[in-house]
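To start, the structure under review is shown below, and the notes come after it.
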Amino acid sequence: MLFDTHAHYDDDWFDEDRQALLASMPEKGVGLIVNPGCTLESSRTAIALAQTYDHVYAAVGIHPENCHDFVPQHIDALRELAKHPKVVAIGEIGLDYYWEENPPREFQQQVLRAQLQLAQELKLPVIIHDREAHADTLAIVKEFPSVKGVFHCYSGSVEDARTLVKMGWMLSFNGALTFKNARKAPDVVAELPLEHLMIETDAPYLAPVPHRGKRCDSGLVYLVAEKIAQIKGISADEVARITTENGKRFFGIE
């Protein structure tokens, strides 16, 4: 069984076949999926999907690209959403300095701290988005030592990866690991113990080779497992087993 720990089935790209696609995943070997929210609205959709499918779970959060209208009352709304029994994390939260049109950096940091504070209060793990913001993201999560989380689509250095592992955090990899221009990620996978790794698709984005540029879905997560297996010199079945165990333990899924 494979566990896609990060996929956005609330995305418009799935409007035509969302229900059939999600229903088909167990027969494709994908036994578990976590759908993180990026806004209050998409967090509610993630919960609705989790209610519909036994193998789907939700995370609730406000993505740094979507935090421009954030007000403190949004934390109260997230707190209420997080009471749902199928909500397993606060996410997708973090920092994104890549796009110039994103909210100001200091404001993103303020929103991230507020959501980490909520995760600390609720004793939930977090799903971190970190794009071109490695130093600031790492510094801020260190301010909350009791909070554990995963850096999804990890793109940082081996050194930062070692730091995160020492803190008890997880790293997750998706189809970008299979790209020819992948630089740091293969080195991180080779360096770190498999017990700290998870796999994901970030569907509908970042479809792995040979599907790069097409719509991605959880049925392609096996290609990420195969790439990790190739790097580690072990079987893809072993990668699937261990990363699934890691994901279940991390998200508290029995």
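Residues are referred to by chain and number: the chain letter is A, B, ... according to the order shown in the structure tokens, the number counts from 1 in that chain, and ligands are numbered separately from 1 in the order shown.
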
Name the residues of range 120-205 of chain A that come out as strand (DSSP E or B) in a backbone DSSP run; write them as a PDB file with C-alpha atoms, in the first residue's frame.
```
ATOM      1  CA  VAL A 126       2.054  20.826  10.632  1.00  0.00           C
ATOM      2  CA  ILE A 127       2.614  20.614   6.877  1.00  0.00           C
ATOM      3  CA  ILE A 128       5.165  23.227   5.835  1.00  0.00           C
ATOM      4  CA  HIS A 129       5.493  24.912   2.437  1.00  0.00           C
ATOM      5  CA  ASP A 130       8.950  26.469   2.014  1.00  0.00           C
ATOM      6  CA  ARG A 131       9.857  28.066  -1.288  1.00  0.00           C
ATOM      7  CA  GLY A 149       5.918  18.702  11.179  1.00  0.00           C
ATOM      8  CA  VAL A 150       6.896  17.807   7.655  1.00  0.00           C
ATOM      9  CA  PHE A 151       8.589  19.976   5.034  1.00  0.00           C
ATOM     10  CA  MET A 170       9.893  14.637   8.552  1.00  0.00           C
ATOM     11  CA  LEU A 171      10.733  15.424   4.930  1.00  0.00           C
ATOM     12  CA  SER A 172       8.471  14.593   2.015  1.00  0.00           C
ATOM     13  CA  PHE A 173       9.323  14.195  -1.664  1.00  0.00           C
ATOM     14  CA  LEU A 197      10.937  10.341   4.738  1.00  0.00           C
ATOM     15  CA  MET A 198       7.429  10.398   3.311  1.00  0.00           C
ATOM     16  CA  ILE A 199       6.167  10.449  -0.257  1.00  0.00           C
ATOM     17  CA  ALA A 203      -1.394  16.598  -7.162  1.00  0.00           C
TER      18      ALA A 203
END
```

Show which residues sit within 7 Å of Ala190 in chain A, as a JSON list (two decimals) with C-alpha atoms, in the first residue's frame. Count only C-alpha atoms, and ignore same-chain residues fewer than 2 positions away.
```json
[["chain", "number", "residue", "atom", "x", "y", "z"],
["A", 186, "PRO", "CA", 18.53, 13.15, -4.46],
["A", 187, "ASP", "CA", 21.45, 13.91, -2.15],
["A", 188, "VAL", "CA", 19.07, 14.43, 0.78],
["A", 192, "LEU", "CA", 18.84, 10.60, 5.45],
["A", 231, "ILE", "CA", 18.65, 6.06, -4.79],
["A", 232, "LYS", "CA", 18.66, 3.91, -1.65]]
```

Taking 3 positions as the minimum chain separation for residues in the same chain, which residues sit within 6 Å of Ala89 in chain A when counting only C-alpha atoms? Answer as a PyMOL selection string. chain A and resi 59+124-126

ask   = Out of range 65-216 of chain A, which residues get helix (DSSP H, G or I) from DSSP, as JSON, numbers by chain?
value = {"A": [65, 66, 73, 74, 75, 76, 77, 78, 79, 80, 81, 105, 106, 107, 108, 109, 110, 111, 112, 113, 114, 115, 116, 117, 118, 119, 120, 121, 122, 134, 135, 136, 137, 138, 139, 140, 141, 142, 158, 159, 160, 161, 162, 163, 164, 165, 166, 175, 176, 177, 178, 184, 185, 186, 187, 188, 189, 190, 191, 194, 195, 196]}

Taken to one decimal, the CA of Ser235 in chain A-CA of Ser155 in chain A distance is 23.9 Å

Closest pair table for range 87-205 of chain A residues within 9 Å of range 13-37 of chain A, only C-alpha atoms, as CSV:
```
residue,atom,partner,partner_atom,distance
A:Val88,CA,A:Val34,CA,8.3
A:Ala89,CA,A:Pro36,CA,8.2
A:Ile90,CA,A:Pro36,CA,8.0
A:Gly91,CA,A:Pro36,CA,5.7
A:Glu92,CA,A:Pro36,CA,5.6
A:Ile93,CA,A:Gly37,CA,9.0
A:Ile127,CA,A:Pro36,CA,8.0
A:Glu200,CA,A:Ile33,CA,8.7
A:Pro204,CA,A:Trp13,CA,7.0
```

Selection near range 61-70 of chain A, 10 Å with only C-alpha atoms, sequence-local residues under 4 positions removed, as a ChimeraX atom specification
/A:36-44,74-75,77-79,81-82,89-99,101-105,107-112,115,126-131

For Lys227 in chain A, find every residue with an atom within 12 Å (counting only C-alpha atoms), except residues of its own chain fewer than 5 positions away, and show them as a list in words.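 What passes the distance filter is Phe173, Asn174, Gly175, Ala176, Leu177, Thr178, Phe179, Lys180, Ala182, Ala185, Pro186, Val189, Ala190, Ile199, Pro208, Val209, Leu220, Val221, Tyr222, Lys232, Gly233, Ile234, Ser235, Ala236, Asp237, Val239 and Ala240 of chain A.
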
Output N, CA and C atoms for every residue in that selection, as an mmCIF file, in the first residue's frame.
```
data_model
loop_
_atom_site.group_PDB
_atom_site.id
_atom_site.type_symbol
_atom_site.label_atom_id
_atom_site.label_comp_id
_atom_site.auth_asym_id
_atom_site.auth_seq_id
_atom_site.Cartn_x
_atom_site.Cartn_y
_atom_site.Cartn_z
ATOM 1 N N PHE A 173 8.854 14.001 -0.284
ATOM 2 C CA PHE A 173 9.323 14.195 -1.664
ATOM 3 C C PHE A 173 8.232 13.795 -2.642
ATOM 4 N N ASN A 174 8.201 14.510 -3.773
ATOM 5 C CA ASN A 174 7.199 14.237 -4.800
ATOM 6 C C ASN A 174 7.864 14.057 -6.154
ATOM 7 N N GLY A 175 7.092 14.277 -7.225
ATOM 8 C CA GLY A 175 7.594 14.014 -8.566
ATOM 9 C C GLY A 175 8.813 14.818 -8.954
ATOM 10 N N ALA A 176 9.048 15.965 -8.286
ATOM 11 C CA ALA A 176 10.230 16.765 -8.607
ATOM 12 C C ALA A 176 11.522 15.985 -8.391
ATOM 13 N N LEU A 177 11.470 14.985 -7.514
ATOM 14 C CA LEU A 177 12.646 14.152 -7.259
ATOM 15 C C LEU A 177 13.079 13.395 -8.514
ATOM 16 N N THR A 178 12.143 13.150 -9.432
ATOM 17 C CA THR A 178 12.435 12.367 -10.636
ATOM 18 C C THR A 178 12.922 13.224 -11.798
ATOM 19 N N PHE A 179 12.887 14.545 -11.650
ATOM 20 C CA PHE A 179 13.268 15.426 -12.747
ATOM 21 C C PHE A 179 14.778 15.388 -12.976
ATOM 22 N N LYS A 180 15.180 15.551 -14.235
ATOM 23 C CA LYS A 180 16.607 15.533 -14.565
ATOM 24 C C LYS A 180 17.372 16.653 -13.873
ATOM 25 N N ALA A 182 16.786 17.819 -10.921
ATOM 26 C CA ALA A 182 16.757 17.705 -9.459
ATOM 27 C C ALA A 182 18.193 17.679 -8.944
ATOM 28 N N ALA A 185 17.663 17.378 -3.824
ATOM 29 C CA ALA A 185 16.761 16.347 -3.295
ATOM 30 C C ALA A 185 17.351 14.936 -3.343
ATOM 31 N N PRO A 186 17.957 14.501 -4.460
ATOM 32 C CA PRO A 186 18.529 13.149 -4.463
ATOM 33 C C PRO A 186 19.613 12.955 -3.409
ATOM 34 N N VAL A 189 17.852 12.500 -0.033
ATOM 35 C CA VAL A 189 17.275 11.155 0.073
ATOM 36 C C VAL A 189 18.364 10.123 0.350
ATOM 37 N N ALA A 190 19.483 10.271 -0.322
ATOM 38 C CA ALA A 190 20.588 9.326 -0.125
ATOM 39 C C ALA A 190 21.161 9.413 1.284
ATOM 40 N N ILE A 199 6.335 10.208 1.172
ATOM 41 C CA ILE A 199 6.167 10.449 -0.257
ATOM 42 C C ILE A 199 4.822 11.119 -0.509
ATOM 43 N N PRO A 208 5.459 13.174 -11.829
ATOM 44 C CA PRO A 208 6.798 12.594 -12.017
ATOM 45 C C PRO A 208 7.043 12.176 -13.459
ATOM 46 N N VAL A 209 8.316 12.092 -13.815
ATOM 47 C CA VAL A 209 8.724 11.544 -15.111
ATOM 48 C C VAL A 209 8.218 10.104 -15.186
ATOM 49 N N LEU A 220 0.133 8.132 -9.362
ATOM 50 C CA LEU A 220 1.518 8.225 -9.832
ATOM 51 C C LEU A 220 2.528 8.264 -8.682
ATOM 52 N N VAL A 221 2.068 8.166 -7.446
ATOM 53 C CA VAL A 221 2.998 8.285 -6.317
ATOM 54 C C VAL A 221 3.986 7.112 -6.278
ATOM 55 N N TYR A 222 3.624 6.004 -6.926
ATOM 56 C CA TYR A 222 4.537 4.854 -6.952
ATOM 57 C C TYR A 222 5.851 5.202 -7.646
ATOM 58 N N LYS A 232 18.297 4.622 -2.878
ATOM 59 C CA LYS A 232 18.660 3.915 -1.654
ATOM 60 C C LYS A 232 19.203 2.514 -1.898
ATOM 61 N N GLY A 233 18.973 1.982 -3.098
ATOM 62 C CA GLY A 233 19.417 0.629 -3.392
ATOM 63 C C GLY A 233 18.601 -0.428 -2.685
ATOM 64 N N ILE A 234 17.298 -0.175 -2.531
ATOM 65 C CA ILE A 234 16.391 -1.139 -1.915
ATOM 66 C C ILE A 234 15.184 -1.304 -2.834
ATOM 67 N N SER A 235 14.226 -2.142 -2.435
ATOM 68 C CA SER A 235 13.070 -2.384 -3.286
ATOM 69 C C SER A 235 12.021 -1.290 -3.108
ATOM 70 N N ALA A 236 11.237 -1.084 -4.147
ATOM 71 C CA ALA A 236 10.152 -0.114 -4.077
ATOM 72 C C ALA A 236 9.106 -0.556 -3.064
ATOM 73 N N ASP A 237 8.913 -1.867 -2.910
ATOM 74 C CA ASP A 237 7.968 -2.374 -1.909
ATOM 75 C C ASP A 237 8.399 -1.972 -0.508
ATOM 76 N N VAL A 239 10.237 0.670 0.263
ATOM 77 C CA VAL A 239 9.991 2.104 0.380
ATOM 78 C C VAL A 239 8.515 2.367 0.651
ATOM 79 N N ALA A 240 7.642 1.680 -0.066
ATOM 80 C CA ALA A 240 6.204 1.857 0.131
ATOM 81 C C ALA A 240 5.802 1.489 1.555
#
```
